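Enquirer: Got a structure for you, run-v4.txt, holding compact mmCIF, C-alpha atoms and all ligand atoms.
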# COMPACT_ATOMS: atom_id res chain seq x y z
CA MET A 19 0.00 0.00 0.00
CA ASP A 20 1.57 3.28 -1.02
CA PHE A 21 0.99 6.86 0.03
CA ALA A 22 -1.59 7.63 -2.66
CA ASP A 23 -3.53 4.46 -1.78
CA ASN A 24 -3.76 5.66 1.80
CA LEU A 25 -5.23 8.93 0.60
CA LYS A 26 -8.06 7.34 -1.36
CA ASN A 27 -9.96 6.54 1.79
CA TYR A 28 -8.66 7.37 5.24
CA GLN A 29 -9.66 8.34 8.75
CA TYR A 30 -8.38 11.29 10.68
CA VAL A 31 -8.84 13.35 13.79
CA LEU A 32 -8.46 17.12 13.81
CA ALA A 33 -5.14 18.02 15.38
CA LYS A 34 -4.83 20.86 17.82
CA MET A 35 -3.17 23.87 16.26
CA ASN A 36 -2.14 25.87 19.31
CA ASP A 37 -2.12 25.63 23.11
CA ASN A 38 -5.70 26.90 23.44
CA ASP A 39 -7.09 24.43 20.93
CA GLN A 40 -8.26 20.95 21.93
CA GLY A 41 -8.55 19.58 18.39
CA ARG A 42 -11.37 17.12 17.75
CA ARG A 43 -10.74 13.50 18.67
CA ASN A 44 -13.66 11.75 16.96
CA LYS A 45 -12.66 9.97 13.77
CA ILE A 46 -13.74 11.52 10.49
CA LYS A 47 -13.61 10.00 7.00
CA GLY A 48 -11.58 11.64 4.29
CA ASP A 49 -10.72 10.84 0.71
CA PHE A 50 -8.47 12.32 -1.91
CA LEU A 51 -10.99 14.47 -3.80
CA GLU A 52 -12.49 15.85 -0.63
CA SER A 53 -9.02 16.51 0.79
CA VAL A 54 -7.88 18.60 -2.16
CA GLY A 55 -11.28 20.29 -2.35
CA MET A 56 -12.31 18.87 -5.73
CA SER A 57 -15.78 17.83 -6.68
CA SER A 58 -16.64 14.16 -7.24
CA PRO A 59 -17.18 12.94 -10.84
CA LYS A 60 -20.96 13.00 -10.49
CA ASP A 61 -20.86 16.56 -9.16
CA SER A 62 -18.93 17.63 -12.25
CA ASP A 63 -21.42 16.12 -14.71
CA GLY A 64 -23.34 18.68 -16.70
CA PRO A 65 -22.97 20.88 -19.72
CA GLU A 66 -20.22 23.03 -18.32
CA ALA A 67 -18.13 20.05 -17.13
CA SER A 68 -16.02 19.74 -20.28
CA SER A 69 -14.65 23.25 -19.88
CA MET A 70 -13.74 22.65 -16.25
CA ARG A 71 -10.42 20.88 -16.53
CA GLN A 72 -8.75 21.24 -13.18
CA GLN A 73 -5.03 21.63 -12.63
CA LEU A 74 -3.06 20.31 -9.69
CA LEU A 75 0.45 21.44 -8.88
CA LEU A 76 2.89 19.14 -7.07
CA LEU A 77 5.81 20.95 -5.44
CA GLY A 78 9.28 19.40 -5.12
CA CYS A 79 8.08 16.26 -6.85
CA GLY A 80 11.47 14.50 -6.81
CA ASN A 81 11.20 11.09 -8.43
CA SER A 82 8.18 10.14 -6.33
CA LYS A 83 5.33 8.29 -8.04
CA LEU A 84 2.70 10.38 -6.27
CA GLY A 85 1.84 12.41 -9.40
CA GLU A 86 1.36 9.29 -11.51
CA ASP A 87 -0.67 7.62 -8.74
CA ILE A 88 -2.96 10.65 -8.47
CA LEU A 89 -3.47 10.63 -12.23
CA HIS A 90 -4.32 6.91 -12.17
CA HIS A 91 -6.77 7.60 -9.36
CA PHE A 92 -8.57 10.17 -11.54
CA ILE A 93 -8.63 7.68 -14.40
CA ASP A 94 -10.06 4.96 -12.09
CA LEU A 95 -12.73 7.39 -10.91
CA GLN A 96 -13.52 8.20 -14.53
CA TYR A 97 -13.05 11.78 -13.53
CA HIS A 98 -14.03 13.90 -16.48
CA PRO A 99 -12.39 15.95 -17.78
CA ILE A 100 -9.26 14.36 -16.34
CA SER A 101 -7.27 16.85 -14.35
CA ARG A 102 -3.85 17.92 -15.44
CA ILE A 103 -1.01 17.29 -13.00
CA VAL A 104 1.85 19.76 -13.07
CA GLN A 105 4.93 18.55 -11.25
CA CYS A 106 7.74 20.91 -10.41
CA ASP A 107 11.19 20.53 -8.93
CA VAL A 108 14.18 22.83 -8.69
CA SER A 109 16.52 20.09 -9.90
CA PRO A 110 17.04 19.84 -13.68
CA VAL A 111 18.25 16.25 -13.23
CA VAL A 112 15.00 15.26 -11.52
CA ILE A 113 12.87 16.95 -14.18
CA LYS A 114 14.82 15.32 -17.00
CA SER A 115 14.46 11.81 -15.57
CA MET A 116 10.79 12.38 -14.69
CA ARG A 117 10.05 13.56 -18.24
CA LYS A 118 11.54 10.32 -19.50
CA ARG A 119 9.60 8.15 -17.04
CA CYS A 120 6.29 9.98 -17.55
CA CYS A 121 6.62 10.52 -21.31
CA LEU A 122 3.25 8.91 -22.09
CA HIS A 123 1.35 11.17 -19.68
CA VAL A 124 3.30 14.22 -20.84
CA GLY A 125 2.64 13.28 -24.48
CA SER A 126 -1.10 13.07 -23.86
CA ASP A 127 -1.12 16.42 -22.01
CA LEU A 128 -2.20 14.85 -18.71
CA MET A 129 1.00 15.90 -17.02
CA SER A 130 3.72 18.47 -17.35
CA LEU A 131 7.10 18.62 -15.66
CA VAL A 132 8.51 22.03 -14.95
CA GLU A 133 11.86 23.04 -13.54
CA ASP A 134 11.10 25.79 -11.05
CA ASP A 135 11.93 27.02 -7.59
CA ALA A 136 8.93 26.53 -5.28
CA THR A 137 9.93 29.57 -3.22
CA ARG A 138 9.03 31.73 -6.23
CA LEU A 139 7.11 29.63 -8.78
CA LYS A 140 8.00 32.24 -11.38
CA ARG A 141 7.02 29.95 -14.25
CA PHE A 142 3.38 30.16 -13.14
CA ASP A 143 0.81 32.95 -13.31
CA ASP A 144 -1.39 33.95 -10.39
CA GLU A 145 -4.48 31.89 -9.45
CA ILE A 146 -4.15 29.19 -12.12
CA PHE A 147 -4.28 26.07 -9.93
CA ASP A 148 -7.20 24.22 -8.34
CA ALA A 149 -4.95 22.53 -5.80
CA VAL A 150 -1.31 22.62 -4.73
CA LEU A 151 0.21 19.58 -3.03
CA ASP A 152 3.50 18.92 -1.34
CA LYS A 153 5.00 15.83 0.22
CA GLY A 154 8.51 16.24 1.52
CA LEU A 155 9.61 19.73 0.52
CA VAL A 156 7.96 21.70 3.36
CA ASP A 157 9.06 19.03 5.83
CA ALA A 158 12.65 19.13 4.55
CA LEU A 159 12.75 22.95 4.82
CA PHE A 160 11.24 22.84 8.32
CA CYS A 161 13.73 20.22 9.52
CA ALA A 162 16.64 22.20 8.02
CA ASN A 163 15.41 25.32 9.83
CA GLU A 164 15.03 27.14 6.50
CA ASN A 165 12.17 29.26 7.81
CA GLU A 166 12.35 32.05 5.26
CA GLN A 167 12.29 29.56 2.37
CA LEU A 168 9.43 27.71 4.04
CA ARG A 169 7.38 30.90 4.30
CA ARG A 170 8.14 31.75 0.67
CA VAL A 171 6.93 28.32 -0.49
CA VAL A 172 3.64 28.83 1.38
CA LYS A 173 3.31 32.36 -0.04
CA SER A 174 3.98 31.17 -3.60
CA ALA A 175 1.45 28.37 -3.24
CA HIS A 176 -1.08 31.00 -2.12
CA ARG A 177 -0.33 33.18 -5.15
CA VAL A 178 -0.82 30.44 -7.78
CA LEU A 179 -4.02 29.05 -6.21
CA GLY A 180 -7.47 30.20 -7.23
CA LYS A 181 -9.72 31.69 -4.57
CA GLY A 182 -11.26 29.05 -2.31
CA LYS A 183 -8.72 26.45 -3.48
CA CYS A 184 -6.56 24.31 -1.29
CA PHE A 185 -2.85 23.92 -0.49
CA ILE A 186 -2.13 20.57 1.10
CA PHE A 187 1.16 19.44 2.50
CA PHE A 188 2.18 16.49 4.60
CA SER A 189 4.54 16.61 7.51
CA PHE A 190 5.60 14.65 10.57
CA SER A 191 5.98 17.98 12.39
CA GLN A 192 3.36 19.14 14.86
CA PRO A 193 1.22 22.18 14.02
CA GLU A 194 2.11 24.17 17.11
CA PHE A 195 5.71 24.31 15.83
CA LEU A 196 5.31 24.17 12.07
CA LEU A 197 2.50 26.73 11.68
CA GLU A 198 4.42 29.46 13.40
CA ARG A 199 7.29 29.05 10.99
CA SER A 200 5.23 28.61 7.85
CA ILE A 201 2.98 31.60 8.47
CA ALA A 202 5.12 33.83 10.66
CA GLY A 203 3.60 35.53 13.66
CA THR A 204 0.03 34.30 13.36
CA ILE A 205 0.15 31.91 16.29
CA ALA A 206 2.06 34.37 18.42
CA LYS A 207 -0.61 37.02 17.80
CA ILE A 208 -3.41 34.64 18.69
CA VAL A 209 -1.80 33.57 21.96
CA LYS A 210 -1.06 37.20 22.87
CA GLY A 211 -4.64 38.24 22.16
CA LYS A 212 -5.84 35.36 24.40
CA GLN A 213 -8.15 34.21 21.64
CA LYS A 214 -9.42 30.69 22.07
CA GLY A 215 -10.43 28.05 19.61
CA LYS A 216 -9.32 27.10 16.16
CA LEU A 217 -6.93 29.12 14.12
CA LYS A 218 -9.16 30.43 11.36
CA SER A 219 -6.80 32.40 9.18
CA GLY A 220 -3.32 33.78 8.76
CA GLY A 221 -0.94 34.59 5.93
CA GLY A 222 -3.89 35.42 3.65
CA TRP A 223 -5.53 31.99 4.04
CA SER A 224 -9.23 32.02 4.78
CA HIS A 225 -9.24 28.72 6.62
CA MET A 226 -6.72 26.25 7.99
CA GLU A 227 -7.11 22.74 9.26
CA VAL A 228 -4.67 20.06 10.33
CA ARG A 229 -5.62 16.41 10.02
CA GLU A 230 -3.78 13.81 12.04
CA MET A 231 -3.69 10.53 10.18
CA ASN A 232 -1.61 7.66 11.56
CA GLY A 233 1.30 9.73 12.77
CA ILE A 234 1.49 12.02 9.76
CA TYR A 235 -0.17 15.42 9.58
CA MET A 236 -2.06 16.73 6.57
CA TYR A 237 -2.05 20.51 6.56
CA ARG A 238 -4.92 22.05 4.58
CA PHE A 239 -4.75 25.77 3.88
CA ILE A 240 -7.69 27.19 1.96
CA LYS A 241 -7.27 30.46 0.08
C1 LIG B 1 12.47 15.43 0.37
S1 LIG B 1 12.39 15.44 -1.39
C2 LIG B 1 10.73 14.96 -1.64
C3 LIG B 1 10.52 14.37 -2.99
C4 LIG B 1 9.13 13.84 -3.27
N1 LIG B 1 8.11 14.86 -3.16
C5 LIG B 1 8.77 12.64 -2.42
O1 LIG B 1 7.73 12.66 -1.78
O2 LIG B 1 9.53 11.67 -2.42
C6 LIG B 1 12.42 17.16 -1.73
C7 LIG B 1 12.43 17.51 -3.21
O3 LIG B 1 12.26 18.92 -3.31
C8 LIG B 1 13.16 19.43 -4.27
N2 LIG B 1 13.43 20.82 -3.90
C9 LIG B 1 14.28 21.29 -2.95
N3 LIG B 1 14.20 22.62 -2.89
C10 LIG B 1 13.29 23.01 -3.82
C11 LIG B 1 12.77 24.26 -4.22
N4 LIG B 1 13.16 25.40 -3.67
N5 LIG B 1 11.85 24.26 -5.22
C12 LIG B 1 11.41 23.12 -5.80
N6 LIG B 1 11.87 21.91 -5.45
C13 LIG B 1 12.81 21.86 -4.46
C14 LIG B 1 14.36 18.53 -4.24
O4 LIG B 1 15.09 18.57 -5.47
C15 LIG B 1 13.71 17.17 -3.95
O5 LIG B 1 13.39 16.51 -5.15
Represent the structure of the file as structure tokens.
Expert:
Amino acid sequence: MDFADNLKNYQYVLAKMNDNDQGRRNKIKGDFLESVGMSSPKDSDGPEASSMRQQLLLLGCGNSKLGEDILHHFIDLQYHPISRIVQCDVSPVVIKSMRKRCCLHVGSDLMSLVEDDATRLKRFDDEIFDAVLDKGLVDALFCANENEQLRRVVKSAHRVLGKGKCFIFFSFSQPEFLLERSIAGTIAKIVKGKQKGKLKSGGGWSHMEVREMNGIYMYRFIK
């Protein structure tokens, strides 16, 4: 069972995001489409469906198979029109080998592989993506204490996402530490202002949620 398989159908509890927050400990069901904020195939039926091709951006893709697995998941779901997966990595070597491995998907315009720095995403215009996903890059930057780069990645993801769309990243790091570094100052302000309850916004995001799923956290930031 790989990572994408786990995402198809999973259970989670809401993690606490700061010292005042209790989280929610009852188990909730999640699945991939719901997680990334995309409609199910039957919801997208209808006359306007064919013009609604959605685009997902994967940051720091490395040579992971996650992008291909997500694409196969859409194909299995008969998701129509099939979404386009854009994978980016700062390494030209990675992009070259991924283009070779994924040549069929690239050739049929289901996938593109772009060499770009996720702290800027200068190859992409504003608000063009329906979801941005990361597995490994945010965590690597957090663990290396690269806080400024981490914040820039989150800011760039925000810029390229459409309004109401979702940035998801996975991390083993707990929200009370990671959130402060990814969206500087927000937690500190909330604690200072003695506000209780869930962190609702920060860094331009309209809503944030952290799902705890078998030891790994899924961070969901909605624009
Ligand atoms: C820890 S690996 C994760 C790879 C893959 N996502 C996975 O799950 O196996 C981090 C990846 O991010 C890439 N990377 C590092 N800094 C980056 C940046 N600023 N912009 C885009 N990619 C970056 C690295 O080249 C590497 O492929």
Enquirer: Which chains and residue numbers are within 9 Å of ligand LIG 1 (chain B), counting all atoms listed in the file, if I want them as a JSON list (two decimals) with C-alpha atoms, keeping the file's coordinate frame?
Expert:
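part.json, written as the output of this step:
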[["chain", "number", "residue", "atom", "x", "y", "z"],
["A", 76, "LEU", "CA", 2.89, 19.14, -7.07],
["A", 77, "LEU", "CA", 5.81, 20.95, -5.44],
["A", 78, "GLY", "CA", 9.28, 19.40, -5.12],
["A", 79, "CYS", "CA", 8.08, 16.26, -6.85],
["A", 80, "GLY", "CA", 11.47, 14.50, -6.81],
["A", 81, "ASN", "CA", 11.20, 11.09, -8.43],
["A", 82, "SER", "CA", 8.18, 10.14, -6.33],
["A", 83, "LYS", "CA", 5.33, 8.29, -8.04],
["A", 84, "LEU", "CA", 2.70, 10.38, -6.27],
["A", 106, "CYS", "CA", 7.74, 20.91, -10.41],
["A", 107, "ASP", "CA", 11.19, 20.53, -8.93],
["A", 108, "VAL", "CA", 14.18, 22.83, -8.69],
["A", 109, "SER", "CA", 16.52, 20.09, -9.90],
["A", 110, "PRO", "CA", 17.04, 19.84, -13.68],
["A", 111, "VAL", "CA", 18.25, 16.25, -13.23],
["A", 112, "VAL", "CA", 15.00, 15.26, -11.52],
["A", 133, "GLU", "CA", 11.86, 23.04, -13.54],
["A", 134, "ASP", "CA", 11.10, 25.79, -11.05],
["A", 135, "ASP", "CA", 11.93, 27.02, -7.59],
["A", 136, "ALA", "CA", 8.93, 26.53, -5.28],
["A", 137, "THR", "CA", 9.93, 29.57, -3.22],
["A", 138, "ARG", "CA", 9.03, 31.73, -6.23],
["A", 139, "LEU", "CA", 7.11, 29.63, -8.78],
["A", 152, "ASP", "CA", 3.50, 18.92, -1.34],
["A", 153, "LYS", "CA", 5.00, 15.83, 0.22],
["A", 154, "GLY", "CA", 8.51, 16.24, 1.52],
["A", 155, "LEU", "CA", 9.61, 19.73, 0.52],
["A", 156, "VAL", "CA", 7.96, 21.70, 3.36],
["A", 157, "ASP", "CA", 9.06, 19.03, 5.83],
["A", 158, "ALA", "CA", 12.65, 19.13, 4.55],
["A", 159, "LEU", "CA", 12.75, 22.95, 4.82],
["A", 167, "GLN", "CA", 12.29, 29.56, 2.37],
["A", 168, "LEU", "CA", 9.43, 27.71, 4.04],
["A", 171, "VAL", "CA", 6.93, 28.32, -0.49]]
Enquirer: Residues near Ile103 in chain A, anyone? I mean within 10 Å using all atoms listed in the file, not counting same-chain ones fewer than 4 positions away, as a PyMOL selection string.
Expert: chain A and resi 72-76+85-86+88-89+123-124+127-131+147+149-150
Enquirer: At what distance in Å, to one decimal, does CA of Tyr235 in chain A lie from CA of Lys140 in chain A?
Expert: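 Calculated distance between CA of Lys140 in chain A and CA of Tyr235 in chain A is 28.1 Å.
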Enquirer: Taking a cut-off of 12 Å and counting all atoms listed in the file, can you build a table that, for each residue of range 19-133 of chain A near range 174-194 of chain A, reports the nearest atom pair and how far apart they are in Å (one decimal), sorted by chain then residue number, as JSON lines?
Expert:
{"residue": "A:Phe21", "atom": "CA", "partner": "A:Phe188", "partner_atom": "CA", "distance": 10.7}
{"residue": "A:Leu25", "atom": "CA", "partner": "A:Phe188", "partner_atom": "CA", "distance": 11.3}
{"residue": "A:Leu32", "atom": "CA", "partner": "A:Pro193", "partner_atom": "CA", "distance": 10.9}
{"residue": "A:Ala33", "atom": "CA", "partner": "A:Pro193", "partner_atom": "CA", "distance": 7.7}
{"residue": "A:Lys34", "atom": "CA", "partner": "A:Pro193", "partner_atom": "CA", "distance": 7.3}
{"residue": "A:Met35", "atom": "CA", "partner": "A:Pro193", "partner_atom": "CA", "distance": 5.2}
{"residue": "A:Asn36", "atom": "CA", "partner": "A:Glu194", "partner_atom": "CA", "distance": 5.1}
{"residue": "A:Asp37", "atom": "CA", "partner": "A:Glu194", "partner_atom": "CA", "distance": 7.5}
{"residue": "A:Asn38", "atom": "CA", "partner": "A:Glu194", "partner_atom": "CA", "distance": 10.4}
{"residue": "A:Asp39", "atom": "CA", "partner": "A:Glu194", "partner_atom": "CA", "distance": 10.0}
{"residue": "A:Gln40", "atom": "CA", "partner": "A:Glu194", "partner_atom": "CA", "distance": 11.9}
{"residue": "A:Gly41", "atom": "CA", "partner": "A:Pro193", "partner_atom": "CA", "distance": 11.0}
{"residue": "A:Phe50", "atom": "CA", "partner": "A:Ile186", "partner_atom": "CA", "distance": 10.8}
{"residue": "A:Leu51", "atom": "CA", "partner": "A:Cys184", "partner_atom": "CA", "distance": 11.1}
{"residue": "A:Glu52", "atom": "CA", "partner": "A:Cys184", "partner_atom": "CA", "distance": 10.4}
{"residue": "A:Ser53", "atom": "CA", "partner": "A:Ile186", "partner_atom": "CA", "distance": 8.0}
{"residue": "A:Val54", "atom": "CA", "partner": "A:Cys184", "partner_atom": "CA", "distance": 5.9}
{"residue": "A:Gly55", "atom": "CA", "partner": "A:Cys184", "partner_atom": "CA", "distance": 6.3}
{"residue": "A:Met56", "atom": "CA", "partner": "A:Lys183", "partner_atom": "CA", "distance": 8.7}
{"residue": "A:Ser57", "atom": "CA", "partner": "A:Lys183", "partner_atom": "CA", "distance": 11.6}
{"residue": "A:Gln72", "atom": "CA", "partner": "A:Gly180", "partner_atom": "CA", "distance": 10.8}
{"residue": "A:Gln73", "atom": "CA", "partner": "A:Leu179", "partner_atom": "CA", "distance": 9.9}
{"residue": "A:Leu74", "atom": "CA", "partner": "A:Leu179", "partner_atom": "CA", "distance": 9.5}
{"residue": "A:Leu75", "atom": "CA", "partner": "A:Ala175", "partner_atom": "CA", "distance": 9.0}
{"residue": "A:Leu76", "atom": "CA", "partner": "A:Ile186", "partner_atom": "CA", "distance": 9.7}
{"residue": "A:Leu77", "atom": "CA", "partner": "A:Ala175", "partner_atom": "CA", "distance": 8.9}
{"residue": "A:Gly78", "atom": "CA", "partner": "A:Phe187", "partner_atom": "CA", "distance": 11.1}
Enquirer: What does the distance between CA of Asn44 in chain A and CA of Leu197 in chain A come to in Å, to one decimal place?
Expert: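 Between CA of Asn44 in chain A and CA of Leu197 in chain A the gap is 22.7 Å.
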Enquirer: Would you work out the distance separating CA of Asp23 in chain A from CA of Cys121 in chain A, expressed in Å to one decimal?
Expert: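 Straight-line distance from CA of Asp23 in chain A to CA of Cys121 in chain A works out to 22.8 Å.
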Enquirer: Would you mind telling me which residue in A:Tyr30, A:Tyr237, A:Phe92, A:Phe142 lies nearest to Lys45 in chain A when using only C-alpha atoms?
Expert: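 Comparing A:Tyr30, A:Tyr237, A:Phe92, A:Phe142 against Lys45 in chain A, the winner is A:Tyr30.
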Enquirer: How would range 19-50 of chain A read, as an mmCIF file, in the coordinates of the input, once N, CA and C atoms are built in?
Expert:
data_model
loop_
_atom_site.group_PDB
_atom_site.id
_atom_site.type_symbol
_atom_site.label_atom_id
_atom_site.label_comp_id
_atom_site.auth_asym_id
_atom_site.auth_seq_id
_atom_site.Cartn_x
_atom_site.Cartn_y
_atom_site.Cartn_z
ATOM 1 N N MET A 19 0.851 -1.193 0.000
ATOM 2 C CA MET A 19 0.000 0.000 0.000
ATOM 3 C C MET A 19 0.888 1.245 0.000
ATOM 4 N N ASP A 20 0.698 2.103 -1.006
ATOM 5 C CA ASP A 20 1.570 3.280 -1.020
ATOM 6 C C ASP A 20 0.823 4.514 -0.495
ATOM 7 N N PHE A 21 1.513 5.631 -0.549
ATOM 8 C CA PHE A 21 0.990 6.860 0.030
ATOM 9 C C PHE A 21 -0.330 7.279 -0.622
ATOM 10 N N ALA A 22 -0.369 7.215 -1.964
ATOM 11 C CA ALA A 22 -1.590 7.630 -2.660
ATOM 12 C C ALA A 22 -2.747 6.696 -2.326
ATOM 13 N N ASP A 23 -2.473 5.397 -2.164
ATOM 14 C CA ASP A 23 -3.530 4.460 -1.780
ATOM 15 C C ASP A 23 -4.139 4.854 -0.437
ATOM 16 N N ASN A 24 -3.269 5.252 0.481
ATOM 17 C CA ASN A 24 -3.760 5.660 1.800
ATOM 18 C C ASN A 24 -4.682 6.870 1.715
ATOM 19 N N LEU A 25 -4.443 7.710 0.717
ATOM 20 C CA LEU A 25 -5.230 8.930 0.600
ATOM 21 C C LEU A 25 -6.610 8.716 -0.001
ATOM 22 N N LYS A 26 -6.787 7.566 -0.671
ATOM 23 C CA LYS A 26 -8.060 7.340 -1.360
ATOM 24 C C LYS A 26 -9.211 7.289 -0.359
ATOM 25 N N ASN A 27 -8.927 6.717 0.788
ATOM 26 C CA ASN A 27 -9.960 6.540 1.790
ATOM 27 C C ASN A 27 -9.256 6.419 3.144
ATOM 28 N N TYR A 28 -9.413 7.406 3.985
ATOM 29 C CA TYR A 28 -8.660 7.370 5.240
ATOM 30 C C TYR A 28 -9.493 7.942 6.375
ATOM 31 N N GLN A 29 -8.989 7.759 7.590
ATOM 32 C CA GLN A 29 -9.660 8.340 8.750
ATOM 33 C C GLN A 29 -8.694 9.287 9.441
ATOM 34 N N TYR A 30 -9.253 10.342 10.009
ATOM 35 C CA TYR A 30 -8.380 11.290 10.680
ATOM 36 C C TYR A 30 -9.081 11.891 11.878
ATOM 37 N N VAL A 31 -8.266 12.495 12.752
ATOM 38 C CA VAL A 31 -8.840 13.350 13.790
ATOM 39 C C VAL A 31 -8.255 14.745 13.566
ATOM 40 N N LEU A 32 -8.990 15.763 13.976
ATOM 41 C CA LEU A 32 -8.460 17.120 13.810
ATOM 42 C C LEU A 32 -7.391 17.352 14.882
ATOM 43 N N ALA A 33 -6.229 17.773 14.434
ATOM 44 C CA ALA A 33 -5.140 18.020 15.380
ATOM 45 C C ALA A 33 -5.326 19.374 16.032
ATOM 46 N N LYS A 34 -4.758 19.533 17.223
ATOM 47 C CA LYS A 34 -4.830 20.860 17.820
ATOM 48 C C LYS A 34 -3.763 21.730 17.163
ATOM 49 N N MET A 35 -4.076 23.001 16.993
ATOM 50 C CA MET A 35 -3.170 23.870 16.260
ATOM 51 C C MET A 35 -2.395 24.824 17.167
ATOM 52 N N ASN A 36 -2.883 25.029 18.368
ATOM 53 C CA ASN A 36 -2.140 25.870 19.310
ATOM 54 C C ASN A 36 -2.527 25.446 20.726
ATOM 55 N N ASP A 37 -1.917 26.065 21.716
ATOM 56 C CA ASP A 37 -2.120 25.630 23.110
ATOM 57 C C ASP A 37 -3.557 25.759 23.585
ATOM 58 N N ASN A 38 -4.318 26.686 22.988
ATOM 59 C CA ASN A 38 -5.700 26.900 23.440
ATOM 60 C C ASN A 38 -6.684 25.951 22.771
ATOM 61 N N ASP A 39 -6.220 25.232 21.787
ATOM 62 C CA ASP A 39 -7.090 24.430 20.930
ATOM 63 C C ASP A 39 -7.055 22.972 21.378
ATOM 64 N N GLN A 40 -8.212 22.356 21.498
ATOM 65 C CA GLN A 40 -8.260 20.950 21.930
ATOM 66 C C GLN A 40 -8.230 19.974 20.750
ATOM 67 N N GLY A 41 -8.397 20.489 19.528
ATOM 68 C CA GLY A 41 -8.550 19.580 18.390
ATOM 69 C C GLY A 41 -9.892 18.873 18.493
ATOM 70 N N ARG A 42 -10.130 17.904 17.635
ATOM 71 C CA ARG A 42 -11.370 17.120 17.750
ATOM 72 C C ARG A 42 -11.000 15.651 17.603
ATOM 73 N N ARG A 43 -11.300 14.837 18.629
ATOM 74 C CA ARG A 43 -10.740 13.500 18.670
ATOM 75 C C ARG A 43 -11.639 12.436 18.042
ATOM 76 N N ASN A 44 -12.870 12.788 17.624
ATOM 77 C CA ASN A 44 -13.660 11.750 16.960
ATOM 78 C C ASN A 44 -13.159 11.548 15.527
ATOM 79 N N LYS A 45 -13.221 10.284 15.086
ATOM 80 C CA LYS A 45 -12.660 9.970 13.770
ATOM 81 C C LYS A 45 -13.588 10.414 12.646
ATOM 82 N N ILE A 46 -12.984 10.982 11.618
ATOM 83 C CA ILE A 46 -13.740 11.520 10.490
ATOM 84 C C ILE A 46 -13.191 10.843 9.228
ATOM 85 N N LYS A 47 -14.070 10.629 8.249
ATOM 86 C CA LYS A 47 -13.610 10.000 7.000
ATOM 87 C C LYS A 47 -13.139 11.053 6.014
ATOM 88 N N GLY A 48 -12.056 10.738 5.340
ATOM 89 C CA GLY A 48 -11.580 11.640 4.290
ATOM 90 C C GLY A 48 -11.224 10.841 3.054
ATOM 91 N N ASP A 49 -11.223 11.493 1.923
ATOM 92 C CA ASP A 49 -10.720 10.840 0.710
ATOM 93 C C ASP A 49 -10.008 11.891 -0.131
ATOM 94 N N PHE A 50 -9.353 11.422 -1.177
ATOM 95 C CA PHE A 50 -8.470 12.320 -1.910
ATOM 96 C C PHE A 50 -9.181 13.554 -2.471
#
